[in-house]
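Visitor: I am sharing start_6.pdb, which consists of PDB, C-alpha atoms, pLDDT in the B column:
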```pdb
MODEL        1
ATOM      1  CA  MET C   1      31.517  15.716 -11.448  1.00 46.00           C
ATOM      2  CA  ALA C   2      32.029  16.597  -7.792  1.00 46.00           C
ATOM      3  CA  ILE C   3      30.308  14.279  -5.330  1.00 46.00           C
ATOM      4  CA  GLY C   4      28.469  17.238  -3.783  1.00 46.00           C
ATOM      5  CA  LYS C   5      26.923  18.242  -7.113  1.00 48.00           C
ATOM      6  CA  TRP C   6      26.113  14.599  -7.849  1.00 47.00           C
ATOM      7  CA  PHE C   7      24.252  14.283  -4.540  1.00 48.00           C
ATOM      8  CA  LYS C   8      22.300  17.472  -5.222  1.00 50.00           C
ATOM      9  CA  GLY C   9      21.276  16.269  -8.647  1.00 53.00           C
ATOM     10  CA  LEU C  10      20.130  12.853  -7.470  1.00 54.00           C
ATOM     11  CA  PHE C  11      18.253  13.972  -4.381  1.00 50.00           C
ATOM     12  CA  GLY C  12      16.545  16.687  -6.388  1.00 51.00           C
ATOM     13  CA  SER C  13      15.213  14.261  -8.980  1.00 48.00           C
ATOM     14  CA  GLU C  14      11.614  13.347  -9.654  1.00 46.00           C
ATOM     15  CA  ALA C  15       9.714  10.401  -8.227  1.00 42.00           C
ATOM     16  CA  PRO C  16      10.809   6.931  -9.402  1.00 44.00           C
ATOM     17  CA  LYS C  17       9.038   4.763 -11.880  1.00 46.00           C
ATOM     18  CA  SER C  18       7.484   1.565 -10.625  1.00 44.00           C
ATOM     19  CA  GLY C  19      10.529  -0.645 -11.268  1.00 44.00           C
ATOM     20  CA  ASN C  20       8.666  -3.741 -10.092  1.00 43.00           C
ATOM     21  CA  GLU C  21       8.875  -5.935 -13.181  1.00 45.00           C
ATOM     22  CA  GLU C  22       9.108  -9.538 -12.052  1.00 43.00           C
ATOM     23  CA  THR C  23      11.978 -11.786 -13.038  1.00 44.00           C
ATOM     24  CA  GLU C  24      11.638 -15.476 -13.781  1.00 47.00           C
ATOM     25  CA  GLN C  25      14.633 -16.336 -11.659  1.00 49.00           C
ATOM     26  CA  THR C  26      14.303 -18.905  -8.902  1.00 47.00           C
ATOM     27  CA  VAL C  27      16.595 -18.309  -5.943  1.00 49.00           C
ATOM     28  CA  LYS C  28      17.793 -21.501  -4.277  1.00 58.00           C
ATOM     29  CA  LYS C  29      20.900 -20.361  -2.392  1.00 71.00           C
ATOM     30  CA  ALA C  30      21.567 -18.592   0.861  1.00 79.00           C
ATOM     31  CA  ALA C  31      23.416 -15.310   0.391  1.00 81.00           C
ATOM     32  CA  GLU C  32      26.707 -16.779   1.631  1.00 80.00           C
ATOM     33  CA  GLU C  33      26.622 -19.341  -1.175  1.00 81.00           C
ATOM     34  CA  VAL C  34      26.114 -16.847  -3.999  1.00 83.00           C
ATOM     35  CA  GLU C  35      29.226 -16.466  -6.113  1.00 81.00           C
ATOM     36  CA  ILE C  36      30.075 -12.989  -7.375  1.00 81.00           C
ATOM     37  CA  THR C  37      30.922 -14.001 -10.924  1.00 81.00           C
ATOM     38  CA  ASP C  38      33.562 -12.742 -13.320  1.00 81.00           C
ATOM     39  CA  GLU C  39      30.706 -11.281 -15.355  1.00 78.00           C
ATOM     40  CA  PHE C  40      29.781  -9.064 -12.413  1.00 77.00           C
ATOM     41  CA  LYS C  41      33.371  -7.880 -11.989  1.00 76.00           C
ATOM     42  CA  LYS C  42      34.136  -7.485 -15.684  1.00 73.00           C
ATOM     43  CA  THR C  43      30.935  -5.597 -16.349  1.00 67.00           C
ATOM     44  CA  PHE C  44      32.345  -2.696 -14.354  1.00 60.00           C
ATOM     45  CA  ALA C  45      36.069  -3.119 -14.997  1.00 59.00           C
ATOM     46  CA  SER C  46      37.811  -0.094 -16.520  1.00 51.00           C
ATOM     47  CA  ARG C  47      39.015  -2.059 -19.547  1.00 49.00           C
ATOM     48  CA  GLU C  48      35.543  -3.217 -20.534  1.00 53.00           C
ATOM     49  CA  LYS C  49      33.103  -1.512 -22.905  1.00 57.00           C
ATOM     50  CA  MET C  50      30.997   0.280 -20.292  1.00 58.00           C
ATOM     51  CA  SER C  51      31.671   4.017 -20.342  1.00 64.00           C
ATOM     52  CA  PRO C  52      33.230   5.743 -17.305  1.00 66.00           C
ATOM     53  CA  GLU C  53      29.929   7.553 -16.736  1.00 71.00           C
ATOM     54  CA  GLN C  54      27.955   4.296 -16.731  1.00 68.00           C
ATOM     55  CA  ARG C  55      30.461   2.633 -14.440  1.00 69.00           C
ATOM     56  CA  LYS C  56      30.388   5.532 -11.991  1.00 74.00           C
ATOM     57  CA  SER C  57      26.602   5.538 -12.063  1.00 76.00           C
ATOM     58  CA  PHE C  58      26.519   1.838 -11.208  1.00 78.00           C
ATOM     59  CA  MET C  59      29.045   2.166  -8.380  1.00 82.00           C
ATOM     60  CA  LEU C  60      27.164   5.080  -6.871  1.00 85.00           C
ATOM     61  CA  SER C  61      23.810   3.326  -7.201  1.00 85.00           C
ATOM     62  CA  LEU C  62      25.279   0.222  -5.557  1.00 88.00           C
ATOM     63  CA  LEU C  63      26.551   2.287  -2.632  1.00 92.00           C
ATOM     64  CA  ALA C  64      23.245   4.167  -2.396  1.00 92.00           C
ATOM     65  CA  MET C  65      21.392   0.863  -2.057  1.00 93.00           C
ATOM     66  CA  ALA C  66      23.922  -0.367   0.494  1.00 93.00           C
ATOM     67  CA  SER C  67      23.600   2.808   2.572  1.00 94.00           C
ATOM     68  CA  TYR C  68      19.810   2.405   2.612  1.00 94.00           C
ATOM     69  CA  ILE C  69      20.183  -1.022   4.217  1.00 93.00           C
ATOM     70  CA  VAL C  70      22.773   0.288   6.699  1.00 92.00           C
ATOM     71  CA  VAL C  71      20.473   2.993   8.076  1.00 92.00           C
ATOM     72  CA  ALA C  72      17.218   1.005   7.851  1.00 90.00           C
ATOM     73  CA  ASP C  73      17.265   0.017  11.518  1.00 85.00           C
ATOM     74  CA  GLY C  74      17.997   3.569  12.675  1.00 84.00           C
ATOM     75  CA  ARG C  75      21.641   3.021  13.566  1.00 84.00           C
ATOM     76  CA  VAL C  76      24.918   2.675  11.714  1.00 88.00           C
ATOM     77  CA  ASP C  77      26.710  -0.564  12.551  1.00 87.00           C
ATOM     78  CA  GLU C  78      30.471  -0.671  11.963  1.00 88.00           C
ATOM     79  CA  SER C  79      30.347  -4.332  10.943  1.00 88.00           C
ATOM     80  CA  GLU C  80      27.963  -3.455   8.113  1.00 89.00           C
ATOM     81  CA  THR C  81      30.069  -0.602   6.730  1.00 90.00           C
ATOM     82  CA  ALA C  82      33.191  -2.781   7.064  1.00 90.00           C
ATOM     83  CA  TYR C  83      31.518  -5.528   5.044  1.00 89.00           C
ATOM     84  CA  ILE C  84      30.709  -3.053   2.260  1.00 91.00           C
ATOM     85  CA  GLY C  85      34.344  -1.935   2.176  1.00 90.00           C
ATOM     86  CA  ARG C  86      35.595  -5.506   1.895  1.00 89.00           C
ATOM     87  CA  PHE C  87      33.084  -6.291  -0.840  1.00 87.00           C
ATOM     88  CA  MET C  88      34.142  -3.289  -2.910  1.00 87.00           C
ATOM     89  CA  GLY C  89      37.831  -4.007  -2.394  1.00 85.00           C
ATOM     90  CA  ASN C  90      37.572  -7.708  -3.189  1.00 84.00           C
ATOM     91  CA  ASN C  91      35.580  -7.146  -6.368  1.00 82.00           C
ATOM     92  CA  PHE C  92      36.824  -3.833  -7.712  1.00 79.00           C
ATOM     93  CA  GLY C  93      40.228  -3.179  -6.120  1.00 78.00           C
ATOM     94  CA  GLN C  94      41.689  -1.343  -3.141  1.00 78.00           C
ATOM     95  CA  ASP C  95      41.522   2.064  -4.819  1.00 76.00           C
ATOM     96  CA  VAL C  96      37.781   1.593  -5.266  1.00 79.00           C
ATOM     97  CA  GLU C  97      37.456   0.464  -1.643  1.00 83.00           C
ATOM     98  CA  GLU C  98      39.046   3.661  -0.353  1.00 83.00           C
ATOM     99  CA  GLU C  99      36.944   5.937  -2.543  1.00 84.00           C
ATOM    100  CA  SER C 100      33.812   3.953  -1.742  1.00 87.00           C
ATOM    101  CA  ALA C 101      34.268   4.543   1.986  1.00 89.00           C
ATOM    102  CA  LYS C 102      34.056   8.307   1.435  1.00 89.00           C
ATOM    103  CA  VAL C 103      31.046   8.076  -0.851  1.00 91.00           C
ATOM    104  CA  LEU C 104      29.267   5.637   1.473  1.00 93.00           C
ATOM    105  CA  LYS C 105      29.670   8.012   4.421  1.00 93.00           C
ATOM    106  CA  GLY C 106      28.112  10.792   2.356  1.00 93.00           C
ATOM    107  CA  PHE C 107      25.146   8.595   1.501  1.00 94.00           C
ATOM    108  CA  VAL C 108      24.702   7.422   5.100  1.00 94.00           C
ATOM    109  CA  ASP C 109      24.769  10.986   6.445  1.00 94.00           C
ATOM    110  CA  LYS C 110      22.269  12.133   3.805  1.00 93.00           C
ATOM    111  CA  ASN C 111      20.001   9.148   4.405  1.00 92.00           C
ATOM    112  CA  ILE C 112      19.917   9.796   8.151  1.00 93.00           C
ATOM    113  CA  GLU C 113      19.010  13.422   7.477  1.00 93.00           C
ATOM    114  CA  LEU C 114      16.212  12.465   5.085  1.00 92.00           C
ATOM    115  CA  GLN C 115      14.907   9.783   7.442  1.00 89.00           C
ATOM    116  CA  ALA C 116      14.301  12.546   9.972  1.00 91.00           C
ATOM    117  CA  THR C 117      13.123  15.319   7.645  1.00 94.00           C
ATOM    118  CA  ASN C 118      11.742  13.852   4.421  1.00 94.00           C
ATOM    119  CA  PRO C 119      11.465  10.027   4.384  1.00 92.00           C
ATOM    120  CA  ILE C 120       9.362  10.054   1.205  1.00 93.00           C
ATOM    121  CA  LYS C 121      12.201  11.740  -0.666  1.00 94.00           C
ATOM    122  CA  LEU C 122      14.597   9.051   0.546  1.00 92.00           C
ATOM    123  CA  ILE C 123      12.296   6.311  -0.712  1.00 92.00           C
ATOM    124  CA  GLN C 124      11.955   8.081  -4.063  1.00 94.00           C
ATOM    125  CA  PHE C 125      15.716   8.336  -4.399  1.00 92.00           C
ATOM    126  CA  ILE C 126      16.312   4.654  -3.633  1.00 93.00           C
ATOM    127  CA  GLY C 127      13.441   3.690  -5.920  1.00 94.00           C
ATOM    128  CA  GLU C 128      15.069   5.551  -8.791  1.00 93.00           C
ATOM    129  CA  ARG C 129      18.381   3.782  -8.248  1.00 91.00           C
ATOM    130  CA  GLY C 130      16.618   0.411  -8.264  1.00 93.00           C
ATOM    131  CA  ASP C 131      14.689   1.303 -11.393  1.00 92.00           C
ATOM    132  CA  GLU C 132      17.952   2.170 -13.160  1.00 88.00           C
ATOM    133  CA  MET C 133      19.388  -1.217 -12.208  1.00 89.00           C
ATOM    134  CA  SER C 134      16.287  -3.099 -13.303  1.00 91.00           C
ATOM    135  CA  LYS C 135      16.663  -1.568 -16.754  1.00 89.00           C
ATOM    136  CA  THR C 136      20.432  -1.900 -17.185  1.00 83.00           C
ATOM    137  CA  LEU C 137      21.475  -5.077 -15.334  1.00 85.00           C
ATOM    138  CA  SER C 138      20.628  -8.679 -16.158  1.00 86.00           C
ATOM    139  CA  PRO C 139      18.588 -10.683 -13.613  1.00 90.00           C
ATOM    140  CA  ASP C 140      21.735 -12.617 -12.654  1.00 88.00           C
ATOM    141  CA  LEU C 141      23.734  -9.459 -11.925  1.00 87.00           C
ATOM    142  CA  ARG C 142      20.857  -8.046  -9.885  1.00 90.00           C
ATOM    143  CA  TYR C 143      20.662 -11.326  -7.973  1.00 91.00           C
ATOM    144  CA  GLN C 144      24.337 -11.080  -7.062  1.00 89.00           C
ATOM    145  CA  LEU C 145      23.859  -7.482  -5.980  1.00 91.00           C
ATOM    146  CA  LEU C 146      20.824  -8.411  -3.880  1.00 93.00           C
ATOM    147  CA  SER C 147      22.862 -11.143  -2.182  1.00 91.00           C
ATOM    148  CA  MET C 148      25.449  -8.491  -1.275  1.00 91.00           C
ATOM    149  CA  LEU C 149      22.730  -6.326   0.297  1.00 93.00           C
ATOM    150  CA  VAL C 150      21.423  -9.303   2.257  1.00 92.00           C
ATOM    151  CA  MET C 151      24.930 -10.025   3.527  1.00 90.00           C
ATOM    152  CA  ILE C 152      25.197  -6.437   4.770  1.00 90.00           C
ATOM    153  CA  SER C 153      22.093  -6.947   6.894  1.00 88.00           C
ATOM    154  CA  LYS C 154      23.469 -10.251   8.223  1.00 86.00           C
ATOM    155  CA  SER C 155      26.980  -8.969   8.943  1.00 85.00           C
ATOM    156  CA  ASP C 156      26.063  -7.833  12.477  1.00 77.00           C
ATOM    157  CA  GLU C 157      24.408 -11.222  13.078  1.00 76.00           C
ATOM    158  CA  ASN C 158      21.013  -9.646  13.649  1.00 76.00           C
ATOM    159  CA  LEU C 159      18.121  -8.684  11.419  1.00 80.00           C
ATOM    160  CA  ASP C 160      15.120  -6.688  12.554  1.00 82.00           C
ATOM    161  CA  ASP C 161      11.812  -6.075  10.823  1.00 86.00           C
ATOM    162  CA  LYS C 162      12.859  -2.644   9.517  1.00 89.00           C
ATOM    163  CA  GLU C 163      15.908  -4.076   7.757  1.00 89.00           C
ATOM    164  CA  LEU C 164      13.823  -6.862   6.290  1.00 91.00           C
ATOM    165  CA  GLU C 165      11.245  -4.383   5.042  1.00 92.00           C
ATOM    166  CA  ALA C 166      14.016  -2.297   3.436  1.00 93.00           C
ATOM    167  CA  LEU C 167      15.416  -5.390   1.692  1.00 94.00           C
ATOM    168  CA  HIS C 168      11.961  -6.297   0.421  1.00 94.00           C
ATOM    169  CA  ASP C 169      11.490  -2.767  -0.913  1.00 94.00           C
ATOM    170  CA  VAL C 170      14.865  -2.785  -2.659  1.00 95.00           C
ATOM    171  CA  SER C 171      14.146  -6.134  -4.287  1.00 95.00           C
ATOM    172  CA  ILE C 172      10.956  -4.707  -5.810  1.00 95.00           C
ATOM    173  CA  TYR C 173      12.704  -1.531  -6.957  1.00 95.00           C
ATOM    174  CA  MET C 174      15.305  -3.721  -8.704  1.00 94.00           C
ATOM    175  CA  GLY C 175      12.623  -5.706 -10.530  1.00 94.00           C
ATOM    176  CA  MET C 176      12.924  -8.779  -8.324  1.00 93.00           C
ATOM    177  CA  LYS C 177      10.696 -10.333  -5.671  1.00 92.00           C
ATOM    178  CA  PRO C 178      10.580 -10.142  -1.847  1.00 91.00           C
ATOM    179  CA  LYS C 179      10.736 -13.935  -1.727  1.00 90.00           C
ATOM    180  CA  ASP C 180      14.203 -13.695  -3.307  1.00 91.00           C
ATOM    181  CA  VAL C 181      15.300 -11.863  -0.167  1.00 91.00           C
ATOM    182  CA  ASP C 182      13.678 -14.421   2.137  1.00 88.00           C
ATOM    183  CA  GLU C 183      15.421 -17.304   0.400  1.00 88.00           C
ATOM    184  CA  LEU C 184      18.780 -15.510   0.344  1.00 89.00           C
ATOM    185  CA  LEU C 185      18.367 -14.988   4.091  1.00 86.00           C
ATOM    186  CA  ASP C 186      17.837 -18.742   4.397  1.00 77.00           C
ATOM    187  CA  LEU C 187      14.848 -18.213   6.666  1.00 58.00           C
ATOM    188  CA  ASP C 188      11.829 -20.417   7.205  1.00 56.00           C
ATOM    189  CA  PRO C 189       9.045 -19.098   4.904  1.00 52.00           C
ATOM    190  CA  GLU C 190       6.556 -19.824   7.680  1.00 56.00           C
ATOM    191  CA  LEU C 191       7.992 -16.875   9.600  1.00 51.00           C
ATOM    192  CA  ALA C 192       6.354 -14.601   7.058  1.00 45.00           C
ATOM    193  CA  LYS C 193       2.985 -15.630   8.421  1.00 45.00           C
ATOM    194  CA  GLN C 194       4.042 -14.398  11.869  1.00 49.00           C
ATOM    195  CA  GLY C 195       4.578 -10.836  10.716  1.00 45.00           C
ATOM    196  CA  TRP C 196       8.388 -11.080  10.653  1.00 43.00           C
ATOM    197  CA  PRO C 197       9.209 -10.281  14.295  1.00 44.00           C
ATOM    198  CA  ASP C 198      12.780  -9.293  15.189  1.00 48.00           C
ATOM    199  CA  LEU C 199      15.025 -12.104  14.013  1.00 50.00           C
ATOM    200  CA  ASN C 200      18.350 -13.188  15.456  1.00 48.00           C
ATOM    201  CA  LEU C 201      20.506 -14.646  12.706  1.00 46.00           C
ATOM    202  CA  LYS C 202      23.388 -15.706  14.925  1.00 42.00           C
ATOM    203  CA  LYS C 203      23.950 -19.448  14.665  1.00 41.00           C
ATOM    204  CA  ASP C 204      25.534 -21.610  17.348  1.00 37.00           C
TER
ENDMDL
END
```
I need this file expressed as structure tokens, please.
Guide:
Amino acid sequence: MAIGKWFKGLFGSEAPKSGNEETEQTVKKAAEEVEITDEFKKTFASREKMSPEQRKSFMLSLLAMASYIVVADGRVDESETAYIGRFMGNNFGQDVEEESAKVLKGFVDKNIELQATNPIKLIQFIGERGDEMSKTLSPDLRYQLLSMLVMISKSDENLDDKELEALHDVSIYMGMKPKDVDELLDLDPELAKQGWPDLNLKKD
């Protein structure tokens, strides 16, 4: 299916289901310490049992989620898109990295457009992608994916309240918890009581 038709189909879909089923997982690691396991890689390898359609759906949903984090603060940071490219290349191969860059740009452009014209539709679209993942991926695989999204937000060494809110939303859509994000960010939980002001993640 052409990417253009795929975009049209997804952005024309109905509102998402709740997708907020809680997991029993306890997150104890910062995002940098989370290992992307062989299970994660093999689940979407071409020689495994997952059909090409399922694999493509996962890849596109992953990139949709990533693009949502990239545009959350109202600007597109090159360090964030570069991190996504490296992640895709390291885990799925250089050919996937090159194709992902094109797809990611399409998502980013569409997200920026919807942010300005129809933000509710953007939220519905991302909610649907998260709901799909909550139903098809194990809690451990979703945890690894969430750590990747957290690392995107940290790749420019800054995190603002809009990015944090987007990460919290995505965690719920994926059937996880906002506190999973906070712990992956390795932030003091007490900051939550302060309304999450703009946070500088750069360490000396």
Visitor: Asp186 (chain C): which residues within 8 Å, counting all atoms listed in the file, same-chain residues fewer than 6 positions away excluded, as a count of residues only?
Guide: 3
Visitor: Just so the selection is clear, what residues does the PyMOL selection byres ((chain C and resi 69) around 8) cover here, as a list of chain:residue names?
Guide: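 On the file shown, the PyMOL selection byres ((chain C and resi 69) around 8) covers C:Met65, C:Ala66, C:Ser67, C:Tyr68, C:Val70, C:Val71, C:Ala72, C:Asp73, C:Leu149, C:Ile152, C:Ser153, C:Glu163, C:Ala166, C:Leu167.
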Visitor: Pull C-alpha atoms from the residues just selected and write them as a PDB file, keeping the file's coordinate frame.
Guide:
```
ATOM      1  CA  MET C  65      21.392   0.863  -2.057  1.00 93.00           C
ATOM      2  CA  ALA C  66      23.922  -0.367   0.494  1.00 93.00           C
ATOM      3  CA  SER C  67      23.600   2.808   2.572  1.00 94.00           C
ATOM      4  CA  TYR C  68      19.810   2.405   2.612  1.00 94.00           C
ATOM      5  CA  VAL C  70      22.773   0.288   6.699  1.00 92.00           C
ATOM      6  CA  VAL C  71      20.473   2.993   8.076  1.00 92.00           C
ATOM      7  CA  ALA C  72      17.218   1.005   7.851  1.00 90.00           C
ATOM      8  CA  ASP C  73      17.265   0.017  11.518  1.00 85.00           C
ATOM      9  CA  LEU C 149      22.730  -6.326   0.297  1.00 93.00           C
ATOM     10  CA  ILE C 152      25.197  -6.437   4.770  1.00 90.00           C
ATOM     11  CA  SER C 153      22.093  -6.947   6.894  1.00 88.00           C
ATOM     12  CA  GLU C 163      15.908  -4.076   7.757  1.00 89.00           C
ATOM     13  CA  ALA C 166      14.016  -2.297   3.436  1.00 93.00           C
ATOM     14  CA  LEU C 167      15.416  -5.390   1.692  1.00 94.00           C
TER      15      LEU C 167
END
```
Visitor: By how many Å are CA of Val103 (chain C) and CA of Ala82 (chain C) apart?
Guide: 13.6 Å
Visitor: The residues within 10 Å of (9.4, -6.4, 4.3), using all atoms listed in the file and the coordinates of the file, should be reported as a list of chain:residue names; which are they?
Guide: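 Returned residue set, sorted by chain then number, is C:Asp161, C:Lys162, C:Glu163, C:Leu164, C:Glu165, C:Ala166, C:Leu167, C:His168, C:Asp169, C:Val170, C:Ser171, C:Pro178, C:Lys179, C:Val181, C:Asp182, C:Ala192, C:Gly195, C:Trp196.
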Visitor: Quick check, in Å to one decimal: how far apart do CA of Phe40 (chain C) and CA of Glu53 (chain C) lie?
Guide: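 CA of Phe40 (chain C) sits 17.2 Å away from CA of Glu53 (chain C).
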Visitor: Can you work out which one of C:Gly85, C:Glu80, C:Ala64, C:Phe58 has the shortest atom-to-atom distance to Lys135 (chain C), counting all atoms listed in the file?
Guide: C:Phe58
Visitor: Which residues would end up in the selection if the PyMOL selection byres ((chain C and resi 144) around 9) were applied here, given that I need the answer as a PyMOL selection string?
Guide: chain C and resi 31+34-37+40+139-143+145-149
